[in-house]
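**Student:** Structure below; questions to follow.
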Amino acid sequence: MTTKKISPQTALIHSEYEPPAGFGAFPPAIHHASTVLFPNVAALRSGDWKDKSAYTYGLHGTPTTFTLEARLAQIEGGTDCLLAPSGLAAIAMVDFALLKTGDDVLLPDNIYNPNRVLGNWLQESMGITARYYDPLVGAGIAALIQPNTRLIWTEAPGSVSMEVPDLPAICAAAKAKGVAVALDNTWSAGIALRAFELGVDIVVQALTKYQSGGADVLMGAVITRDDGQPGGLHDRLSLSHMRLGYGVGADDAYLVMRGLPTMKLRFDAHDAGARTVAAWLSARPEIAKVLHPAFEDCPGHETWKRDFTGAGGLFSVLFDARYTEEQTDRFIDSLKLFKIGYSWGGPNSLCVPYRIQAMRRGWPDAGILVRFNIGLEDPADLIADIEAALALM
Ligand SMILES: Cc1ncc(COP(=O)(O)O)c(C=O)c1O
């Protein structure tokens, strides 16, 4: 079956999976294995762990994980995919594939904080410099690229302060200097932003979020679009994947696969719900600013309009400066439907306060930042929950 002429939503449902002969069914089989058996010593000796048309060891892939990898590469418009035990593990796979002592990596100042912690650790322990840039730098990134810069991280948008970077401008400057650009594309789930078409070299997805959709799995993926040649990006990432000993459980891989056919519908519902709640919040006197890329107040809004076809369910607000942290904490504690916890992309709405001034350089001192993950509840109920909690603030 060709998936070229069908829409992304249909492609999520009609995968390339071929069930065993005589057993027509939609779900792919779940294969559990550490040991993979070879018919003889010659086959064992000639086995190549990089060869995805064969199997050598459970850690290097099973029919279940290869099926999931192929589906994720297809969604993102890439050629290859490697699975990791979490989104953060996927980020680390990229760093360990591309960086060595003496190299330099550039990260946006609004990057997912554990990615920043990893960057700082690379600097402190590995002799790699990690430098932070203004996420709205655009083509100005060219001035920051040094001869030893090997990797530029991007995140669209930054998942707390929500600025949308100008990816085509950053990628063009990086390409001109032979530097790879990696994008954490989790917010768009790979369906609302065609990253490779904008010039990105490596896409990371935290499958923990929209792909799984159930708030019950931790997994990540690194997706590339290259020719697979030795020394190329996918080849280097495969080596990193193998050296780090990354594997994912068959049942978890199946859970992510089970989420894929409904991902676009869920994503659209998260998007609509988030815009409804964000619009309501934007009219409230307690809120100074809504940081949602589809709203004009959000830095990078014009870039979002140009590059994205939708929005994730995650956004932040800045409370008016007259509210103290004690008051905004009371607001969050008073919410009933919104639960307090990290992560996003599942059916339940979540709310988390951030001390953004400590995370971002040059962030104005005033105003508490609170992040909302809009789940799949009726937005009217979520708004009523927020309204009641605001009254208690
Ligand atoms: C933007 C972003 N990237 C990556 C991750 C990491 O995903 P995981 O929790 O699977 O490690 C997260 C998790 O919250 C995230 O928000």
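Simple scheme: letters A, B, ... for chains in structure tokens order, numbers from 1 for residues in each chain, numbers from 1 for ligands in the order shown.
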Name all residues at most 6 Å from Phe319 of chain A (count only C-alpha atoms; drop same-chain ones fewer than 2 positions away) and give them as a tab-separated table (two decimals) with N, CA, C and O atoms, in the first residue's frame.

**Tutor:**
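Listed below is the output, part.tsv:
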chain	number	residue	atom	x	y	z
A	286	GLU	N	-6.78	38.60	36.31
A	286	GLU	CA	-5.65	38.02	37.08
A	286	GLU	C	-4.47	37.69	36.18
A	286	GLU	O	-3.35	37.50	36.66
A	287	ILE	N	-4.73	37.57	34.86
A	287	ILE	CA	-3.69	37.08	33.94
A	287	ILE	C	-3.09	38.24	33.15
A	287	ILE	O	-3.81	38.96	32.45
A	288	ALA	N	-1.76	38.38	33.25
A	288	ALA	CA	-1.10	39.47	32.52
A	288	ALA	C	-0.83	39.06	31.07
A	288	ALA	O	-0.89	39.89	30.16
A	367	GLY	N	5.73	38.61	38.05
A	367	GLY	CA	4.73	37.71	37.47
A	367	GLY	C	5.10	36.25	37.61
A	367	GLY	O	6.16	35.83	37.18
A	368	ILE	N	4.18	35.48	38.21
A	368	ILE	CA	4.41	34.03	38.40
A	368	ILE	C	3.95	33.30	37.14
A	368	ILE	O	2.86	33.57	36.62

**Student:** Skip Glu197 of chain A itself and residues of its chain fewer than 5 positions away, then list as a PDB file with C-alpha atoms, in the first residue's frame all residues within 12 Å of it, counting only C-alpha atoms.

**Tutor:**
ATOM      1  CA  GLU A  76       7.684  12.649  10.844  1.00  0.00           C
ATOM      2  CA  GLY A  77       8.589  12.348   7.143  1.00  0.00           C
ATOM      3  CA  GLY A  78      11.981  10.831   7.976  1.00  0.00           C
ATOM      4  CA  LEU A 167      13.724  27.135  12.474  1.00  0.00           C
ATOM      5  CA  PRO A 168      14.332  27.835   8.743  1.00  0.00           C
ATOM      6  CA  CYS A 171      18.831  25.704  10.008  1.00  0.00           C
ATOM      7  CA  ALA A 172      20.032  27.776   7.027  1.00  0.00           C
ATOM      8  CA  GLY A 190       5.350  15.436  14.453  1.00  0.00           C
ATOM      9  CA  ILE A 202      17.492  15.344  13.729  1.00  0.00           C
ATOM     10  CA  VAL A 203      14.063  15.197  15.350  1.00  0.00           C
ATOM     11  CA  THR A 224      16.506  11.361  10.825  1.00  0.00           C
ATOM     12  CA  ARG A 225      16.200  11.821   7.102  1.00  0.00           C
ATOM     13  CA  ASP A 307       5.402  27.064  10.126  1.00  0.00           C
ATOM     14  CA  PHE A 308       2.776  25.123  12.097  1.00  0.00           C
TER      15      PHE A 308
END

**Student:** Between A:Gln211, A:Ser343, A:Thr303, A:Ser159, which has the minimum distance to Arg266 of chain A (counting only C-alpha atoms)?

**Tutor:** A:Gln211

**Student:** Need to verify the contact set: Thr35 of chain A, 12 Å, only C-alpha atoms, exclusion of same-chain residues closer than 6 positions in sequence. Can you return it as a list in words?

**Tutor:**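 The residues that qualify are Leu44, Tyr55, Thr56, Tyr57, Gly58, Leu59, His60, Gly61 and Thr62 of chain A.
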
**Student:** Output N, CA, C and O atoms for every residue in the selection just made, as a compact mmCIF listing (two decimals), in the first residue's frame.

**Tutor:**
# COMPACT_ATOMS: atom_id res chain seq x y z
N LEU A 44 25.25 -16.56 12.44
CA LEU A 44 25.60 -15.76 13.61
C LEU A 44 26.78 -14.84 13.29
O LEU A 44 26.78 -13.66 13.60
N TYR A 55 17.60 -9.83 12.39
CA TYR A 55 17.59 -9.64 13.85
C TYR A 55 18.82 -10.32 14.44
O TYR A 55 19.21 -11.40 14.00
N THR A 56 19.43 -9.66 15.43
CA THR A 56 20.65 -10.23 16.02
C THR A 56 20.56 -10.39 17.54
O THR A 56 21.12 -11.32 18.11
N TYR A 57 19.85 -9.47 18.19
CA TYR A 57 19.75 -9.49 19.64
C TYR A 57 18.59 -8.58 20.02
O TYR A 57 18.38 -7.54 19.38
N GLY A 58 17.87 -8.93 21.07
CA GLY A 58 16.67 -8.17 21.44
C GLY A 58 16.93 -6.67 21.58
O GLY A 58 16.11 -5.85 21.20
N LEU A 59 18.10 -6.34 22.14
CA LEU A 59 18.44 -4.93 22.35
C LEU A 59 18.54 -4.15 21.04
O LEU A 59 18.30 -2.95 21.00
N HIS A 60 18.92 -4.85 19.98
CA HIS A 60 19.11 -4.16 18.70
C HIS A 60 17.84 -4.14 17.85
O HIS A 60 17.87 -3.63 16.73
N GLY A 61 16.78 -4.70 18.39
CA GLY A 61 15.51 -4.59 17.68
C GLY A 61 14.79 -5.91 17.50
O GLY A 61 15.41 -6.97 17.37
N THR A 62 13.46 -5.81 17.53
CA THR A 62 12.58 -6.96 17.31
C THR A 62 11.57 -6.54 16.24
O THR A 62 11.49 -5.33 15.93

**Student:** Dump the neighbourhood of ligand 1 as a list in words: all residues within 7 Å, distances computed on only C-alpha atoms and all ligand atoms.

**Tutor:**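 Going residue by residue within 7 Å of ligand 1, we get Ser86, Gly87, Leu88, Ala89, Tyr112, Gly158, Ser159, Asp184, Thr186, Trp187, Gln205, Ala206, Leu207, Thr208, Leu218, Met219, Gly220, Tyr342, Ser343 and Trp344 of chain A.
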